[in-house]
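Trainee: coords11.pdb is reproduced in full below (PDB, C-alpha atoms).
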ATOM      1  CA  MET A 175      25.703 -81.076  80.786
ATOM      2  CA  LYS A 176      28.598 -83.211  79.650
ATOM      3  CA  GLN A 177      26.290 -85.139  77.379
ATOM      4  CA  TRP A 178      24.846 -81.941  75.899
ATOM      5  CA  LYS A 179      28.375 -80.758  75.229
ATOM      6  CA  LYS A 180      29.237 -83.995  73.452
ATOM      7  CA  ASN A 181      26.154 -83.783  71.286
ATOM      8  CA  PHE A 182      26.764 -80.126  70.602
ATOM      9  CA  ILE A 183      30.217 -81.052  69.254
ATOM     10  CA  ARG A 184      28.710 -83.869  67.205
ATOM     11  CA  THR A 185      26.302 -81.399  65.606
ATOM     12  CA  ILE A 186      28.680 -78.490  64.907
ATOM     13  CA  PRO A 187      28.720 -79.242  61.155
ATOM     14  CA  VAL A 188      24.910 -79.139  61.181
ATOM     15  CA  LEU A 189      24.971 -75.920  63.213
ATOM     16  CA  THR A 190      27.198 -74.291  60.600
ATOM     17  CA  GLY A 191      25.055 -75.365  57.676
ATOM     18  CA  TYR A 192      21.663 -74.783  59.290
ATOM     19  CA  LEU A 193      22.427 -71.281  60.538
ATOM     20  CA  VAL A 194      23.479 -70.201  57.078
ATOM     21  CA  LEU A 195      20.801 -72.039  55.122
ATOM     22  CA  GLY A 196      18.138 -71.165  57.699
ATOM     23  CA  ALA A 197      19.156 -67.514  57.475
ATOM     24  CA  SER A 198      18.983 -67.606  53.664
ATOM     25  CA  PHE A 199      15.516 -69.112  53.958
ATOM     26  CA  GLY A 200      14.445 -66.320  56.333
ATOM     27  CA  ILE A 201      15.842 -63.697  53.965
ATOM     28  CA  VAL A 202      14.053 -65.177  50.927
ATOM     29  CA  MET A 203      10.775 -65.347  52.885
ATOM     30  CA  GLN A 204      11.211 -61.740  53.953
ATOM     31  CA  SER A 205      11.834 -60.686  50.354
ATOM     32  CA  LYS A 206       8.504 -62.252  49.326
ATOM     33  CA  GLY A 207       6.647 -60.399  52.049
ATOM     34  CA  PHE A 208       6.506 -63.073  54.752
ATOM     35  CA  ASP A 209       7.875 -61.716  58.021
ATOM     36  CA  VAL A 210      10.023 -63.483  60.581
ATOM     37  CA  LEU A 211       7.097 -65.174  62.344
ATOM     38  CA  TRP A 212       6.192 -67.001  59.139
ATOM     39  CA  SER A 213       9.779 -68.233  58.778
ATOM     40  CA  ILE A 214       9.965 -69.400  62.380
ATOM     41  CA  GLY A 215       6.563 -71.055  62.154
ATOM     42  CA  MET A 216       7.389 -72.947  58.983
ATOM     43  CA  SER A 217      10.827 -74.005  60.243
ATOM     44  CA  ALA A 218       9.294 -75.329  63.454
ATOM     45  CA  ALA A 219       6.368 -77.122  61.803
ATOM     46  CA  VAL A 220       7.863 -78.397  58.535
ATOM     47  CA  PHE A 221      11.599 -78.657  59.298
ATOM     48  CA  ALA A 222      12.649 -79.827  55.843
ATOM     49  CA  GLY A 223      15.315 -77.580  54.329
ATOM     50  CA  SER A 224      15.094 -77.900  50.575
ATOM     51  CA  MET A 225      11.296 -78.195  50.670
ATOM     52  CA  GLN A 226      11.022 -74.907  52.529
ATOM     53  CA  PHE A 227      12.884 -73.106  49.757
ATOM     54  CA  VAL A 228      10.482 -74.618  47.236
ATOM     55  CA  ALA A 229       7.619 -73.646  49.530
ATOM     56  CA  VAL A 230       8.516 -69.954  49.317
ATOM     57  CA  ASP A 231       7.580 -70.030  45.633
ATOM     58  CA  LEU A 232       4.411 -71.998  46.321
ATOM     59  CA  LEU A 233       3.380 -69.412  48.914
ATOM     60  CA  ALA A 234       4.399 -66.398  46.840
ATOM     61  CA  THR A 235       2.360 -67.591  43.841
ATOM     62  CA  ALA A 236      -0.496 -68.919  46.007
ATOM     63  CA  ALA A 237      -0.191 -72.268  44.238
ATOM     64  CA  GLY A 238      -3.156 -74.644  44.414
ATOM     65  CA  ILE A 239      -3.533 -77.083  47.288
ATOM     66  CA  ILE A 240      -3.091 -80.164  45.082
ATOM     67  CA  THR A 241       0.047 -78.704  43.474
ATOM     68  CA  THR A 242       1.372 -77.861  46.930
ATOM     69  CA  ALA A 243       0.738 -81.389  48.214
ATOM     70  CA  LEU A 244       2.207 -83.124  45.137
ATOM     71  CA  THR A 245       5.304 -80.931  45.112
ATOM     72  CA  THR A 246       5.907 -81.737  48.774
ATOM     73  CA  LEU A 247       5.465 -85.418  47.991
ATOM     74  CA  MET A 248       8.073 -85.277  45.221
ATOM     75  CA  VAL A 249      10.670 -83.225  47.085
ATOM     76  CA  ASN A 250      10.329 -85.037  50.406
ATOM     77  CA  ALA A 251       9.802 -88.620  49.251
ATOM     78  CA  ARG A 252      13.343 -89.445  50.323
ATOM     79  CA  HIS A 253      12.132 -89.315  53.924
ATOM     80  CA  LEU A 254      10.348 -92.619  53.277
ATOM     81  CA  PHE A 255      13.809 -94.098  52.849
ATOM     82  CA  TYR A 256      15.051 -92.795  56.176
ATOM     83  CA  GLY A 257      11.997 -94.210  57.908
ATOM     84  CA  VAL A 258      12.379 -97.633  56.314
ATOM     85  CA  SER A 259      16.012 -97.846  57.372
ATOM     86  CA  MET A 260      15.242 -96.654  60.926
ATOM     87  CA  VAL A 261      12.280 -98.912  61.749
ATOM     88  CA  ASP A 262      14.554-101.249  63.729
ATOM     89  CA  ARG A 263      16.818 -98.595  65.185
ATOM     90  CA  TYR A 264      13.965 -96.432  66.482
ATOM     91  CA  ARG A 265      11.839 -99.359  67.673
ATOM     92  CA  ASP A 266      12.513 -98.848  71.386
ATOM     93  CA  VAL A 267      13.547 -95.229  71.698
ATOM     94  CA  GLY A 268      10.919 -94.442  74.314
ATOM     95  CA  LYS A 269       8.479 -91.588  74.705
ATOM     96  CA  ALA A 270      10.299 -89.202  72.405
ATOM     97  CA  LYS A 271       9.783 -91.500  69.411
ATOM     98  CA  PRO A 272       7.093 -89.381  67.666
ATOM     99  CA  TYR A 273       9.278 -86.291  67.957
ATOM    100  CA  LEU A 274      12.378 -88.137  66.726
ATOM    101  CA  ILE A 275      10.441 -89.277  63.651
ATOM    102  CA  PHE A 276       8.820 -85.879  63.093
ATOM    103  CA  ALA A 277      12.180 -84.102  63.131
ATOM    104  CA  LEU A 278      14.299 -86.641  61.229
ATOM    105  CA  THR A 279      16.110 -84.568  58.596
ATOM    106  CA  ASP A 280      18.849 -85.576  56.129
ATOM    107  CA  GLU A 281      21.462 -84.250  58.521
ATOM    108  CA  THR A 282      20.112 -85.765  61.737
ATOM    109  CA  TYR A 283      19.693 -89.049  59.888
ATOM    110  CA  SER A 284      23.356 -88.940  58.808
ATOM    111  CA  ILE A 285      24.605 -88.296  62.320
ATOM    112  CA  VAL A 286      22.462 -91.093  63.735
ATOM    113  CA  CYS A 287      23.652 -93.444  60.973
ATOM    114  CA  ALA A 288      27.273 -92.607  61.607
ATOM    115  CA  ASP A 289      27.258 -93.797  65.222
ATOM    116  CA  GLU A 290      25.428 -96.909  66.358
ATOM    117  CA  THR A 291      26.347 -96.432  70.014
ATOM    118  CA  LEU A 292      24.146 -93.348  70.542
ATOM    119  CA  SER A 293      21.783 -93.643  73.530
ATOM    120  CA  ASN A 294      18.117 -92.669  73.413
ATOM    121  CA  ARG A 295      18.983 -89.474  75.233
ATOM    122  CA  ASP A 296      21.716 -88.708  72.674
ATOM    123  CA  LEU A 297      19.199 -89.201  69.868
ATOM    124  CA  LEU A 298      16.794 -86.752  71.481
ATOM    125  CA  GLN A 299      19.460 -84.144  72.194
ATOM    126  CA  ILE A 300      20.905 -84.337  68.670
ATOM    127  CA  THR A 301      17.463 -84.085  67.057
ATOM    128  CA  LEU A 302      16.439 -81.194  69.291
ATOM    129  CA  LEU A 303      19.697 -79.275  68.799
ATOM    130  CA  ASP A 304      19.427 -79.592  65.001
ATOM    131  CA  HIS A 305      15.814 -78.405  65.098
ATOM    132  CA  LEU A 306      16.801 -75.401  67.229
ATOM    133  CA  TYR A 307      19.709 -74.479  64.920
ATOM    134  CA  TRP A 308      17.307 -74.462  61.985
ATOM    135  CA  ILE A 309      14.726 -72.319  63.769
ATOM    136  CA  ALA A 310      17.442 -69.950  65.032
ATOM    137  CA  GLY A 311      18.875 -69.586  61.519
ATOM    138  CA  SER A 312      15.417 -68.789  60.107
ATOM    139  CA  ALA A 313      14.804 -66.269  62.884
ATOM    140  CA  ILE A 314      18.121 -64.524  62.246
ATOM    141  CA  GLY A 315      17.507 -64.423  58.491
ATOM    142  CA  GLY A 316      13.898 -63.288  58.764
ATOM    143  CA  GLY A 317      14.657 -60.817  61.538
ATOM    144  CA  ILE A 318      17.925 -59.103  60.707
ATOM    145  CA  GLY A 319      18.973 -60.853  57.477
ATOM    146  CA  ALA A 320      19.142 -57.646  55.507
ATOM    147  CA  LEU A 321      21.581 -56.204  58.049
ATOM    148  CA  ILE A 322      24.161 -58.995  57.810
ATOM    149  CA  PRO A 323      27.081 -57.328  56.018
ATOM    150  CA  TRP A 324      29.097 -60.488  55.506
ATOM    151  CA  ASP A 325      29.046 -62.644  52.428
ATOM    152  CA  PHE A 326      28.662 -66.253  53.553
ATOM    153  CA  LYS A 327      28.861 -67.636  50.048
ATOM    154  CA  GLY A 328      29.918 -71.273  50.205
ATOM    155  CA  VAL A 329      29.333 -71.990  53.908
ATOM    156  CA  ASP A 330      26.414 -74.244  53.037
ATOM    157  CA  PHE A 331      28.979 -76.658  51.604
ATOM    158  CA  ALA A 332      29.272 -77.841  55.251
ATOM    159  CA  LEU A 333      26.219 -80.040  54.700
ATOM    160  CA  THR A 334      27.607 -81.612  51.531
ATOM    161  CA  ALA A 335      30.852 -82.146  53.448
ATOM    162  CA  LEU A 336      28.914 -83.807  56.268
ATOM    163  CA  PHE A 337      27.447 -86.366  53.868
ATOM    164  CA  ILE A 338      30.800 -86.969  52.142
ATOM    165  CA  SER A 339      32.572 -87.526  55.468
ATOM    166  CA  ILE A 340      29.941 -90.022  56.609
ATOM    167  CA  PHE A 341      30.000 -91.749  53.235
ATOM    168  CA  THR A 342      33.797 -92.082  53.601
ATOM    169  CA  ASP A 343      33.467 -93.382  57.151
ATOM    170  CA  GLN A 344      30.876 -95.968  56.217
ATOM    171  CA  TRP A 345      33.082 -97.013  53.326
ATOM    172  CA  SER A 346      36.075 -97.728  55.549
ATOM    173  CA  LYS A 347      33.982 -99.375  58.269
ATOM    174  CA  THR A 348      32.243-101.954  56.072
ATOM    175  CA  LYS A 349      33.600-104.642  53.814
ATOM    176  CA  ASP A 350      30.499-104.680  51.678
ATOM    177  CA  HIS A 351      30.818-101.668  49.382
ATOM    178  CA  LEU A 352      28.150-102.643  46.914
ATOM    179  CA  PRO A 353      25.230-100.787  48.600
ATOM    180  CA  ALA A 354      27.274 -97.553  48.649
ATOM    181  CA  ILE A 355      28.289 -97.999  45.011
ATOM    182  CA  LEU A 356      24.710 -98.786  43.991
ATOM    183  CA  GLY A 357      23.390 -95.743  45.860
ATOM    184  CA  ALA A 358      25.849 -93.332  44.291
ATOM    185  CA  SER A 359      25.845 -94.754  40.763
ATOM    186  CA  LEU A 360      22.091 -95.282  40.400
ATOM    187  CA  SER A 361      21.459 -91.767  41.756
ATOM    188  CA  SER A 362      23.956 -90.309  39.271
ATOM    189  CA  ALA A 363      22.392 -92.254  36.400
ATOM    190  CA  SER A 364      18.935 -91.096  37.445
ATOM    191  CA  LEU A 365      20.162 -87.500  37.676
ATOM    192  CA  LEU A 366      21.493 -87.691  34.112
ATOM    193  CA  ILE A 367      18.258 -89.172  32.800
ATOM    194  CA  PHE A 368      15.614 -87.240  34.745
ATOM    195  CA  GLY A 369      17.366 -83.995  35.700
ATOM    196  CA  ALA A 370      17.955 -82.281  39.036
ATOM    197  CA  ASP A 371      14.294 -81.684  39.895
ATOM    198  CA  ARG A 372      12.962 -85.153  39.239
ATOM    199  CA  PHE A 373      15.684 -87.694  39.879
ATOM    200  CA  LEU A 374      15.101 -88.654  43.502
ATOM    201  CA  ILE A 375      12.037 -90.860  43.193
ATOM    202  CA  PRO A 376      13.343 -92.894  40.211
ATOM    203  CA  ALA A 377      16.670 -93.193  42.042
ATOM    204  CA  MET A 378      14.951 -94.520  45.171
ATOM    205  CA  LEU A 379      12.974 -97.060  43.174
ATOM    206  CA  ALA A 380      16.090 -98.220  41.319
ATOM    207  CA  ILE A 381      18.101 -98.510  44.547
ATOM    208  CA  THR A 382      15.383-100.520  46.315
ATOM    209  CA  LEU A 383      15.046-102.822  43.328
ATOM    210  CA  ALA A 384      18.807-103.296  42.992
ATOM    211  CA  LEU A 385      19.174-104.078  46.695
ATOM    212  CA  ALA A 386      16.350-106.616  46.466
ATOM    213  CA  VAL A 387      18.030-108.285  43.491
ATOM    214  CA  LEU A 388      21.348-108.228  45.350
ATOM    215  CA  LYS A 389      19.794-110.030  48.324
ATOM    216  CA  ARG A 390      18.346-112.695  46.055
ATOM    217  CA  VAL A 391      21.577-113.200  44.097
ATOM    218  CA  ARG A 392      23.642-113.481  47.258
ATOM    219  CA  LYS A 393      21.186-115.902  48.828
ATOM    220  CA  GLY A 394      21.426-117.971  45.659
ATOM    221  CA  ALA A 395      25.211-117.858  45.858
ATOM    222  CA  GLU A 396      25.178-119.082  49.469
ATOM    223  CA  ALA A 397      22.839-122.009  48.787
TER
ATOM    224  CA  MET B  92     -10.114 -66.533  51.864
ATOM    225  CA  SER B  93      -7.577 -63.864  52.841
ATOM    226  CA  PRO B  94      -4.083 -64.245  51.352
ATOM    227  CA  SER B  95      -2.424 -64.909  54.705
ATOM    228  CA  LEU B  96      -5.024 -67.476  55.711
ATOM    229  CA  TYR B  97      -4.447 -69.254  52.413
ATOM    230  CA  SER B  98      -0.658 -69.204  52.994
ATOM    231  CA  ALA B  99      -1.207 -70.749  56.420
ATOM    232  CA  LEU B 100      -3.339 -73.455  54.820
ATOM    233  CA  GLN B 101      -0.550 -74.164  52.312
ATOM    234  CA  ILE B 102       2.002 -74.479  55.111
ATOM    235  CA  ALA B 103      -0.342 -76.848  56.937
ATOM    236  CA  VAL B 104      -0.574 -79.016  53.798
ATOM    237  CA  ILE B 105       3.213 -79.038  53.368
ATOM    238  CA  ALA B 106       3.671 -79.966  57.027
ATOM    239  CA  ALA B 107       1.021 -82.705  56.832
ATOM    240  CA  VAL B 108       2.500 -84.358  53.724
ATOM    241  CA  THR B 109       5.999 -84.192  55.226
ATOM    242  CA  ILE B 110       4.781 -85.746  58.498
ATOM    243  CA  LEU B 111       2.985 -88.454  56.538
ATOM    244  CA  LEU B 112       6.172 -89.323  54.632
ATOM    245  CA  ARG B 113       8.234 -89.409  57.814
ATOM    246  CA  PHE B 114       5.789 -91.580  59.782
ATOM    247  CA  LEU B 115       4.494 -93.920  57.076
ATOM    248  CA  PRO B 116       7.331 -96.507  57.244
ATOM    249  CA  PHE B 117       6.960 -96.728  61.021
ATOM    250  CA  TRP B 118       3.186 -97.167  60.764
ATOM    251  CA  LEU B 119       3.554 -99.802  58.071
ATOM    252  CA  PHE B 120       6.447-101.816  59.470
ATOM    253  CA  GLY B 121       6.956-100.745  63.074
ATOM    254  CA  GLY B 122       3.676-101.963  64.560
ATOM    255  CA  GLY B 123       4.321-105.690  64.953
ATOM    256  CA  ARG B 124       6.714-107.189  67.445
ATOM    257  CA  LYS B 125       9.153-108.083  64.709
ATOM    258  CA  THR B 126      10.226-105.960  61.772
ATOM    259  CA  PRO B 127       9.548-107.716  58.438
ATOM    260  CA  LYS B 128      12.697-109.421  57.162
ATOM    261  CA  PHE B 129      13.022-107.399  53.980
ATOM    262  CA  VAL B 130      12.681-104.136  55.923
ATOM    263  CA  SER B 131      15.404-105.276  58.354
ATOM    264  CA  TYR B 132      17.575-106.118  55.378
ATOM    265  CA  LEU B 133      16.964-102.667  53.889
ATOM    266  CA  GLY B 134      17.794-101.167  57.285
ATOM    267  CA  SER B 135      21.220-102.795  57.109
ATOM    268  CA  VAL B 136      22.127-101.853  53.530
ATOM    269  CA  LEU B 137      20.180 -98.636  52.916
ATOM    270  CA  PRO B 138      22.258 -96.247  55.063
ATOM    271  CA  SER B 139      25.319 -96.641  52.805
ATOM    272  CA  ALA B 140      23.197 -96.400  49.668
ATOM    273  CA  ILE B 141      21.339 -93.347  51.011
ATOM    274  CA  MET B 142      24.560 -91.544  51.882
ATOM    275  CA  GLY B 143      25.696 -92.092  48.283
ATOM    276  CA  MET B 144      22.361 -90.723  47.112
ATOM    277  CA  LEU B 145      22.612 -87.678  49.413
ATOM    278  CA  VAL B 146      26.067 -86.796  48.111
ATOM    279  CA  VAL B 147      24.674 -86.847  44.562
ATOM    280  CA  TYR B 148      21.633 -84.867  45.774
ATOM    281  CA  CYS B 149      23.860 -82.124  47.187
ATOM    282  CA  LEU B 150      25.864 -81.934  43.971
ATOM    283  CA  ARG B 151      22.824 -82.063  41.657
ATOM    284  CA  ASN B 152      23.066 -78.433  40.588
ATOM    285  CA  LEU B 153      26.701 -78.453  39.463
ATOM    286  CA  GLU B 154      27.234 -76.649  36.159
ATOM    287  CA  PHE B 155      29.560 -78.423  33.766
ATOM    288  CA  SER B 156      29.668 -75.698  31.124
ATOM    289  CA  ALA B 157      32.474 -73.838  32.943
ATOM    290  CA  ALA B 158      35.149 -75.140  35.321
ATOM    291  CA  SER B 159      34.051 -72.693  38.032
ATOM    292  CA  GLY B 160      30.675 -74.454  38.106
ATOM    293  CA  TRP B 161      31.978 -77.812  39.269
ATOM    294  CA  LEU B 162      35.695 -77.711  40.095
ATOM    295  CA  PRO B 163      35.463 -76.089  43.566
ATOM    296  CA  ALA B 164      32.914 -78.673  44.742
ATOM    297  CA  VAL B 165      34.918 -81.575  43.319
ATOM    298  CA  ILE B 166      38.222 -80.390  44.812
ATOM    299  CA  ALA B 167      36.713 -79.573  48.214
ATOM    300  CA  GLY B 168      34.691 -82.814  48.180
ATOM    301  CA  ALA B 169      37.811 -84.856  47.491
ATOM    302  CA  ALA B 170      39.593 -82.986  50.273
ATOM    303  CA  VAL B 171      36.812 -83.883  52.726
ATOM    304  CA  ALA B 172      37.032 -87.572  51.788
ATOM    305  CA  ALA B 173      40.838 -87.586  52.035
ATOM    306  CA  LEU B 174      40.891 -85.736  55.375
ATOM    307  CA  GLN B 175      38.216 -88.041  56.762
ATOM    308  CA  ALA B 176      40.077 -91.176  55.644
ATOM    309  CA  LEU B 177      43.353 -89.901  57.107
ATOM    310  CA  THR B 178      42.280 -88.249  60.358
ATOM    311  CA  ARG B 179      38.937 -89.950  61.156
ATOM    312  CA  ARG B 180      37.839 -86.646  62.659
ATOM    313  CA  SER B 181      34.626 -85.381  61.110
ATOM    314  CA  LEU B 182      35.059 -81.837  62.358
ATOM    315  CA  VAL B 183      38.497 -81.564  60.779
ATOM    316  CA  SER B 184      37.357 -82.916  57.428
ATOM    317  CA  ILE B 185      34.048 -81.006  57.308
ATOM    318  CA  LEU B 186      35.307 -77.632  58.482
ATOM    319  CA  GLY B 187      38.552 -77.980  56.501
ATOM    320  CA  GLY B 188      36.701 -78.902  53.312
ATOM    321  CA  THR B 189      34.164 -76.126  53.790
ATOM    322  CA  ALA B 190      36.885 -73.528  54.364
ATOM    323  CA  LEU B 191      38.649 -74.712  51.218
ATOM    324  CA  TYR B 192      35.395 -74.514  49.263
ATOM    325  CA  MET B 193      34.743 -70.964  50.455
ATOM    326  CA  VAL B 194      38.247 -69.892  49.441
ATOM    327  CA  LEU B 195      37.771 -71.499  46.017
ATOM    328  CA  VAL B 196      34.380 -69.923  45.234
ATOM    329  CA  ASN B 197      35.130 -66.520  46.689
ATOM    330  CA  PHE B 198      38.674 -65.863  45.571
ATOM    331  CA  LEU B 199      39.262 -67.825  42.388
TER
END
The structure given in the file should be rewritten as structure tokens.

Mentor:
Amino acid sequence: MKQWKKNFIRTIPVLTGYLVLGASFGIVMQSKGFDVLWSIGMSAAVFAGSMQFVAVDLLATAAGIITTALTTLMVNARHLFYGVSMVDRYRDVGKAKPYLIFALTDETYSIVCADETLSNRDLLQITLLDHLYWIAGSAIGGGIGALIPWDFKGVDFALTALFISIFTDQWSKTKDHLPAILGASLSSASLLIFGADRFLIPAMLAITLALAVLKRVRKGAEA
Amino acid sequence: MSPSLYSALQIAVIAAVTILLRFLPFWLFGGGRKTPKFVSYLGSVLPSAIMGMLVVYCLRNLEFSAASGWLPAVIAGAAVAALQALTRRSLVSILGGTALYMVLVNFL
């Protein structure tokens, strides 16, 4: 129980963001004629926040299968990055490995990145809690969303804040700031060039390339 | 095909592509007894780069035509970074920054 409590505290920022965003997702689904079971089903099976918002439009317009697949590929390509950087970390995480990979979201990834001392059991509890928050949020939104009288405008900033706090932490923990600078600056440049809907894939390519060059240059400098 | 059956098919496609993206790196590089060197290297430098990318990703829809479109996020974001650097407590910085953001967007 103590361990659950610890991991619950670790995931409070995710809880805040997921309940609100999940509820908004449920409400949007409802407004397009998909009832709460659809929201719960998609949140359980897809579990990818921003993609699910895009998916509402794809469902509502009955977009073609190829369009649906390609859009998912574009919006979710960043998950390739998480996988690549977790190959070592998740190598020996035991039986839960497929689930941990299946449910690795931006937010779970950040929490796992932020603390290298997490045990396998911690990883499972954190991943599971985040998944449940998301499903619960969707259920609330799809079920009673229209009845919520309160305006939660701005609460979803909790997720942005989560990433900023981890970025800050990583910055003060490491001496090598170049990867962080490259990540932020190349993403910003890509955003300016390609726009909000298309910048992720070019940004990922540029970051990978820059990191490869960096490795080579540094190796050259050592020799 | 009935509309709801087609929607279910779409969701299945979205889920399948997402699963593929999440598992592909592990299938490609996780099978052998040792992770390829370049992948290990990426594993050590990518997390910082990705967190930079995610911050930009979250702020991608800022509107620069009016101050209300970007100022709250920039002020609250800076507050999160400052609180985190000073206190080292994620809950303080995240909840504090979020509360500040909500005040800024709702009352200013």

Trainee: Find, counting only C-alpha atoms, the residue in B:Leu153, B:Ile166, B:Gly143, B:Leu195 that gets nearest to chain A.

Mentor: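 Closest residue, counting only C-alpha atoms: B:Gly143.
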
Trainee: Any idea what the distance is between CA of Thr279 (chain A) and CA of Phe221 (chain A)?

Mentor: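 Between CA of Thr279 (chain A) and CA of Phe221 (chain A) the gap works out to 7.5 Å.
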
Trainee: Residues of chain B that have any atom at most 8 Å from an atom of chain A: could you tabulate them with the shortest-distance atom pair and the distance in Å to one decimal, using only C-alpha atoms, ordered by chain and increasing number, as a Markdown table?

Mentor:
| residue | atom | partner | partner_atom | distance |
| --- | --- | --- | --- | --- |
| B:Pro94 | CA | A:Ala236 | CA | 8.0 |
| B:Tyr97 | CA | A:Ala236 | CA | 7.5 |
| B:Ser98 | CA | A:Leu233 | CA | 5.7 |
| B:Gln101 | CA | A:Ile239 | CA | 6.5 |
| B:Ile102 | CA | A:Met216 | CA | 6.8 |
| B:Val104 | CA | A:Ala243 | CA | 6.2 |
| B:Ile105 | CA | A:Thr246 | CA | 6.0 |
| B:Ala106 | CA | A:Val220 | CA | 4.7 |
| B:Val108 | CA | A:Ala243 | CA | 6.5 |
| B:Thr109 | CA | A:Asn250 | CA | 6.5 |
| B:Ile110 | CA | A:Phe276 | CA | 6.1 |
| B:Leu112 | CA | A:Leu254 | CA | 5.5 |
| B:Arg113 | CA | A:His253 | CA | 5.5 |
| B:Phe114 | CA | A:Ile275 | CA | 6.5 |
| B:Leu115 | CA | A:Leu254 | CA | 7.1 |
| B:Pro116 | CA | A:Gly257 | CA | 5.2 |
| B:Phe117 | CA | A:Val261 | CA | 5.8 |
| B:Phe120 | CA | A:Val261 | CA | 6.9 |
| B:Gly121 | CA | A:Val261 | CA | 5.8 |
| B:Thr126 | CA | A:Asp262 | CA | 6.7 |
| B:Val130 | CA | A:Val258 | CA | 6.5 |
| B:Ser131 | CA | A:Asp262 | CA | 6.8 |
| B:Leu133 | CA | A:Ser259 | CA | 6.0 |
| B:Gly134 | CA | A:Ser259 | CA | 3.8 |
| B:Ser135 | CA | A:Ser259 | CA | 7.2 |
| B:Val136 | CA | A:Pro353 | CA | 5.9 |
| B:Leu137 | CA | A:Ser259 | CA | 6.2 |
| B:Pro138 | CA | A:Cys287 | CA | 6.7 |
| B:Ser139 | CA | A:Ala354 | CA | 4.7 |
| B:Ala140 | CA | A:Gly357 | CA | 3.9 |
| B:Ile141 | CA | A:Gly357 | CA | 6.0 |
| B:Met142 | CA | A:Phe341 | CA | 5.6 |
| B:Gly143 | CA | A:Ala358 | CA | 4.2 |
| B:Met144 | CA | A:Ala358 | CA | 5.2 |
| B:Leu145 | CA | A:Phe337 | CA | 6.7 |
| B:Val146 | CA | A:Phe337 | CA | 5.9 |
| B:Val147 | CA | A:Ser362 | CA | 6.4 |
| B:Tyr148 | CA | A:Leu374 | CA | 7.9 |
| B:Cys149 | CA | A:Thr334 | CA | 5.8 |
| B:Leu150 | CA | A:Thr334 | CA | 7.8 |
| B:Arg151 | CA | A:Ala370 | CA | 5.5 |
| B:Asn152 | CA | A:Ala370 | CA | 6.6 |
| B:Gly168 | CA | A:Ala335 | CA | 6.6 |
| B:Val171 | CA | A:Ser339 | CA | 6.2 |
| B:Ala172 | CA | A:Ser339 | CA | 5.8 |
| B:Gln175 | CA | A:Ser339 | CA | 5.8 |
| B:Ala176 | CA | A:Thr342 | CA | 6.7 |
| B:Arg179 | CA | A:Asp343 | CA | 7.6 |
| B:Ser181 | CA | A:Ser339 | CA | 6.4 |
| B:Leu182 | CA | A:Pro187 | CA | 7.0 |
| B:Ser184 | CA | A:Ser339 | CA | 6.9 |
| B:Ile185 | CA | A:Ala335 | CA | 5.1 |
| B:Leu186 | CA | A:Ala332 | CA | 6.8 |
| B:Gly188 | CA | A:Ala335 | CA | 6.7 |
| B:Thr189 | CA | A:Ala332 | CA | 5.4 |
| B:Ala190 | CA | A:Val329 | CA | 7.7 |
| B:Tyr192 | CA | A:Gly328 | CA | 6.4 |
| B:Met193 | CA | A:Gly328 | CA | 4.8 |
| B:Val196 | CA | A:Gly328 | CA | 6.8 |
| B:Asn197 | CA | A:Lys327 | CA | 7.2 |

Trainee: Do you have the CA of Ser205 (chain A)-CA of Leu199 (chain B) distance handy?

Mentor: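 Answer for the CA of Ser205 (chain A) to CA of Leu199 (chain B) separation: 29.4 Å.
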
Trainee: If you apply the PyMOL selection byres ((chain A and resi 311-318) around 8) to this file, what residues do you get, as a PyMOL selection string?

Mentor: chain A and resi 192-201+203-204+209-211+213-214+217+307-310+319-322

Trainee: Using all atoms listed in the file, find the one residue out of B:Lys128, B:Ser93, B:Gly187, B:Ala107 that sits nearest to Ala167 (chain B).

Mentor: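 Distance minimum relative to Ala167 (chain B) lands on B:Gly187.
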
Trainee: With all atoms listed in the file as the atoms that count, which of A:Val228, A:Leu303, A:Ile367, A:Ile375 lies nearest to Leu189 (chain A)?

Mentor: A:Leu303

Trainee: Just give me the gap between CA of Lys347 (chain A) and CA of Leu297 (chain A) in Å, one decimal is fine.

Mentor: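 CA of Lys347 (chain A) sits 21.4 Å away from CA of Leu297 (chain A).
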
Trainee: Which is closest to Gln299 (chain A) among A:Leu379, A:Met175, A:Val391, A:Ala363, if we use only C-alpha atoms?

Mentor: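 Of A:Leu379, A:Met175, A:Val391, A:Ala363, the one nearest Gln299 (chain A) is A:Met175, counting only C-alpha atoms.
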
Trainee: Hey, could you pull the box centre and edge lengths for region 318-333 of chain A, axis-aligned, 4 Å padding per side, all listed atoms, to one decimal in Å, as JSON?

Mentor:
{"center_x": 23.9, "center_y": -68.1, "center_z": 55.4, "size_x": 20.0, "size_y": 31.8, "size_z": 18.7}

Trainee: Quick one: of A:Asp231, A:Thr291, A:Asp266, A:Arg372, who's nearest to Arg124 (chain B), counting only C-alpha atoms?

Mentor: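 Of A:Asp231, A:Thr291, A:Asp266, A:Arg372, the one nearest Arg124 (chain B), counting only C-alpha atoms, is A:Asp266.
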